[in-house]
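Have a look at the structure below, then the notes.
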Amino acid sequence: MFGDTQATEKVILANIDHLVSLIRKISGSENIKERQQYLQEAEALISKTNPFLLQLLEGKEKFLAPMYKQLISQKLLSSILITNDATLKNTLESLFTLPVFQKTKAN
């Protein structure tokens, strides 16, 4: 069981790193189509990551969004604090309005 948890955590962390990369691309892009493409990619990645997070959260979907916020914040906190980047903050807010998170709030 420990090995399974460790493998799950590695997948989650790798996906969060990729998600953070997408968030930076979204906030750095001024092209609307490009931003939409990155948002769609982020949503697909979140959907792909959800089952792994749910394993660790014992199936409690209501904790998905807070878990993502915590994991992403840990990766981005220094960037936001150093630059006081309003665009990055707005990107994070828009990310959590994606339909994939709205489903978890309903449960």
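Chain labels run A, B, ... following the order of the structure tokens; each chain numbers its residues from 1, and ligands are numbered from 1 in the order shown.
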If we count only C-alpha atoms, what is near Ser94 of chain A at a cut-off of 10 Å, once residues fewer than 5 positions away on the same chain are taken out, given as a ChimeraX atom specification? /A:39,88-89
Determine, counting only C-alpha atoms, which protein, DNA and RNA residues have an atom within 10 Å of an atom of Leu76 of chain A; residues of the same chain fewer than 6 positions away are not included. Present the result as a list in words. Asp17, Val20, Ser21, Ile23, Arg24, Gln70, Leu88, Lys89 and Leu92 of chain A
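Residue nearest Thr8 of chain A, chosen from A:Ile26, A:Gln36, A:Phe52, A:Asn31 and counting only C-alpha atoms: A:Phe52.
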Neighbour list for Leu98 of chain A as an mmCIF file with C-alpha atoms, in the first residue's frame, cut-off 10 Å, only C-alpha atoms, skip fewer than 6 positions in-chain:
data_model
loop_
_atom_site.group_PDB
_atom_site.id
_atom_site.type_symbol
_atom_site.label_atom_id
_atom_site.label_comp_id
_atom_site.auth_asym_id
_atom_site.auth_seq_id
_atom_site.Cartn_x
_atom_site.Cartn_y
_atom_site.Cartn_z
ATOM 1 C CA LEU A 39 -7.300 26.599 -19.993
ATOM 2 C CA GLN A 40 -8.718 23.586 -21.814
ATOM 3 C CA ALA A 42 -5.469 22.670 -17.651
ATOM 4 C CA GLU A 43 -9.022 21.406 -17.270
ATOM 5 C CA ILE A 46 -7.240 18.436 -13.629
#
Contact residues around Val11 of chain A with only C-alpha atoms at 12 Å, ignoring same-chain residues under 6 positions, as a PyMOL selection string: chain A and resi 4-5+17-18+45-46+48-53+55-56
Hey, can you spit out that residue selection with N, CA and C atoms as a short mmCIF file (atom, residue, chain, number, x, y, z; two decimals), in the first residue's frame?
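Output saved as again.cif:
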data_model
loop_
_atom_site.label_atom_id
_atom_site.label_comp_id
_atom_site.auth_asym_id
_atom_site.auth_seq_id
_atom_site.Cartn_x
_atom_site.Cartn_y
_atom_site.Cartn_z
N ASP A 4 2.02 2.13 -3.44
CA ASP A 4 0.94 2.69 -4.25
C ASP A 4 0.74 4.17 -3.92
N THR A 5 0.78 4.51 -2.65
CA THR A 5 0.60 5.89 -2.22
C THR A 5 1.74 6.75 -2.74
N ASP A 17 2.96 20.22 -11.22
CA ASP A 17 4.03 20.98 -11.86
C ASP A 17 3.62 21.40 -13.27
N HIS A 18 3.02 20.47 -14.01
CA HIS A 18 2.55 20.78 -15.36
C HIS A 18 1.43 21.82 -15.30
N LEU A 45 -6.09 18.24 -17.65
CA LEU A 45 -5.10 17.75 -16.70
C LEU A 45 -5.71 17.59 -15.31
N ILE A 46 -6.55 18.52 -14.92
CA ILE A 46 -7.24 18.44 -13.63
C ILE A 46 -8.14 17.20 -13.60
N LYS A 48 -7.77 14.52 -15.27
CA LYS A 48 -6.88 13.36 -15.24
C LYS A 48 -6.28 13.14 -13.84
N THR A 49 -6.06 14.23 -13.12
CA THR A 49 -5.44 14.17 -11.80
C THR A 49 -6.44 13.86 -10.70
N ASN A 50 -7.70 14.21 -10.90
CA ASN A 50 -8.72 14.04 -9.86
C ASN A 50 -8.76 12.63 -9.26
N PRO A 51 -8.75 11.56 -10.07
CA PRO A 51 -8.82 10.22 -9.46
C PRO A 51 -7.66 9.93 -8.50
N PHE A 52 -6.49 10.45 -8.83
CA PHE A 52 -5.32 10.24 -7.96
C PHE A 52 -5.48 11.00 -6.64
N LEU A 53 -5.95 12.25 -6.74
CA LEU A 53 -6.18 13.03 -5.53
C LEU A 53 -7.29 12.41 -4.68
N GLN A 55 -7.98 9.35 -4.35
CA GLN A 55 -7.42 8.22 -3.60
C GLN A 55 -6.87 8.69 -2.27
N LEU A 56 -6.14 9.80 -2.31
CA LEU A 56 -5.54 10.32 -1.08
C LEU A 56 -6.58 10.97 -0.17
#
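Our summary of the geometry notes that atom CA of Ser27 of chain A is positioned 5.6 Å from atom CA of Thr87 of chain A.
Distance-wise, atom CA of Ala44 of chain A and atom CA of Glu93 of chain A end up 17.3 Å apart.
Atom CA of Lys62 of chain A to atom CA of Phe96 of chain A spans 13.2 Å [interatomic distance, one decimal].
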Extract the full set of alpha helix (DSSP H) residues from segment 19-71 of chain A according to DSSP on the backbone, and format it as a ChimeraX atom specification. /A:19-28,32-56,64-71
Create the file for the chosen residues now, containing N, CA and C atoms and written as a compact mmCIF listing (two decimals), in the first residue's frame.
# COMPACT_ATOMS: atom_id res chain seq x y z
N LEU A 19 0.54 21.69 -14.34
CA LEU A 19 -0.56 22.64 -14.17
C LEU A 19 -0.03 24.05 -13.86
N VAL A 20 0.97 24.13 -13.02
CA VAL A 20 1.59 25.42 -12.69
C VAL A 20 2.22 26.03 -13.94
N SER A 21 2.83 25.19 -14.75
CA SER A 21 3.40 25.67 -16.01
C SER A 21 2.31 26.24 -16.91
N LEU A 22 1.18 25.56 -16.97
CA LEU A 22 0.06 26.05 -17.77
C LEU A 22 -0.49 27.36 -17.21
N ILE A 23 -0.57 27.46 -15.90
CA ILE A 23 -1.06 28.69 -15.26
C ILE A 23 -0.16 29.87 -15.64
N ARG A 24 1.14 29.63 -15.62
CA ARG A 24 2.08 30.70 -16.00
C ARG A 24 1.90 31.08 -17.47
N LYS A 25 1.66 30.08 -18.32
CA LYS A 25 1.45 30.36 -19.75
C LYS A 25 0.16 31.15 -19.94
N ILE A 26 -0.89 30.77 -19.21
CA ILE A 26 -2.16 31.48 -19.32
C ILE A 26 -1.99 32.93 -18.91
N SER A 27 -1.34 33.15 -17.79
CA SER A 27 -1.21 34.52 -17.29
C SER A 27 -0.23 35.34 -18.13
N GLY A 28 0.67 34.68 -18.84
CA GLY A 28 1.64 35.40 -19.66
C GLY A 28 1.19 35.64 -21.09
N ILE A 32 -6.10 35.53 -26.84
CA ILE A 32 -7.29 34.92 -26.24
C ILE A 32 -7.42 33.45 -26.63
N LYS A 33 -7.19 33.13 -27.89
CA LYS A 33 -7.30 31.73 -28.33
C LYS A 33 -6.25 30.86 -27.62
N GLU A 34 -5.07 31.40 -27.48
CA GLU A 34 -4.01 30.67 -26.80
C GLU A 34 -4.36 30.43 -25.33
N ARG A 35 -4.89 31.47 -24.69
CA ARG A 35 -5.31 31.34 -23.29
C ARG A 35 -6.39 30.28 -23.14
N GLN A 36 -7.35 30.27 -24.06
CA GLN A 36 -8.43 29.28 -24.03
C GLN A 36 -7.87 27.87 -24.20
N GLN A 37 -6.90 27.75 -25.10
CA GLN A 37 -6.28 26.44 -25.33
C GLN A 37 -5.58 25.96 -24.06
N TYR A 38 -4.85 26.84 -23.40
CA TYR A 38 -4.17 26.48 -22.15
C TYR A 38 -5.17 26.14 -21.05
N LEU A 39 -6.26 26.89 -20.99
CA LEU A 39 -7.30 26.60 -19.99
C LEU A 39 -7.92 25.23 -20.23
N GLN A 40 -8.17 24.91 -21.49
CA GLN A 40 -8.72 23.59 -21.81
C GLN A 40 -7.73 22.48 -21.44
N GLU A 41 -6.46 22.73 -21.72
CA GLU A 41 -5.43 21.76 -21.35
C GLU A 41 -5.36 21.60 -19.84
N ALA A 42 -5.48 22.72 -19.12
CA ALA A 42 -5.47 22.67 -17.65
C ALA A 42 -6.66 21.89 -17.12
N GLU A 43 -7.83 22.12 -17.72
CA GLU A 43 -9.02 21.41 -17.27
C GLU A 43 -8.89 19.91 -17.51
N ALA A 44 -8.33 19.54 -18.66
CA ALA A 44 -8.13 18.11 -18.96
C ALA A 44 -7.13 17.50 -17.98
N LEU A 45 -6.09 18.24 -17.65
CA LEU A 45 -5.10 17.75 -16.70
C LEU A 45 -5.71 17.59 -15.31
N ILE A 46 -6.55 18.52 -14.92
CA ILE A 46 -7.24 18.44 -13.63
C ILE A 46 -8.14 17.20 -13.60
N SER A 47 -8.89 16.98 -14.68
CA SER A 47 -9.75 15.80 -14.75
C SER A 47 -8.93 14.51 -14.66
N LYS A 48 -7.77 14.52 -15.27
CA LYS A 48 -6.88 13.36 -15.24
C LYS A 48 -6.28 13.14 -13.84
N THR A 49 -6.06 14.23 -13.12
CA THR A 49 -5.44 14.17 -11.80
C THR A 49 -6.44 13.86 -10.70
N ASN A 50 -7.70 14.21 -10.90
CA ASN A 50 -8.72 14.04 -9.86
C ASN A 50 -8.76 12.63 -9.26
N PRO A 51 -8.75 11.56 -10.07
CA PRO A 51 -8.82 10.22 -9.46
C PRO A 51 -7.66 9.93 -8.50
N PHE A 52 -6.49 10.45 -8.83
CA PHE A 52 -5.32 10.24 -7.96
C PHE A 52 -5.48 11.00 -6.64
N LEU A 53 -5.95 12.25 -6.74
CA LEU A 53 -6.18 13.03 -5.53
C LEU A 53 -7.29 12.41 -4.68
N LEU A 54 -8.31 11.92 -5.34
CA LEU A 54 -9.42 11.30 -4.60
C LEU A 54 -8.98 10.07 -3.84
N GLN A 55 -7.98 9.35 -4.35
CA GLN A 55 -7.42 8.22 -3.60
C GLN A 55 -6.87 8.69 -2.27
N LEU A 56 -6.14 9.80 -2.31
CA LEU A 56 -5.54 10.32 -1.08
C LEU A 56 -6.58 10.97 -0.17
N LEU A 64 -11.37 18.48 -3.13
CA LEU A 64 -10.54 18.57 -4.32
C LEU A 64 -10.05 20.00 -4.58
N ALA A 65 -10.97 20.94 -4.69
CA ALA A 65 -10.58 22.33 -4.99
C ALA A 65 -9.63 22.88 -3.93
N PRO A 66 -9.93 22.70 -2.63
CA PRO A 66 -8.98 23.20 -1.62
C PRO A 66 -7.60 22.54 -1.74
N MET A 67 -7.58 21.26 -2.10
CA MET A 67 -6.30 20.57 -2.24
C MET A 67 -5.51 21.15 -3.42
N TYR A 68 -6.20 21.37 -4.54
CA TYR A 68 -5.52 21.99 -5.68
C TYR A 68 -4.99 23.37 -5.31
N LYS A 69 -5.82 24.15 -4.64
CA LYS A 69 -5.38 25.50 -4.25
C LYS A 69 -4.13 25.44 -3.38
N GLN A 70 -4.11 24.50 -2.46
CA GLN A 70 -2.96 24.36 -1.58
C GLN A 70 -1.71 23.95 -2.36
N LEU A 71 -1.84 22.94 -3.19
CA LEU A 71 -0.70 22.44 -3.95
C LEU A 71 -0.17 23.49 -4.94
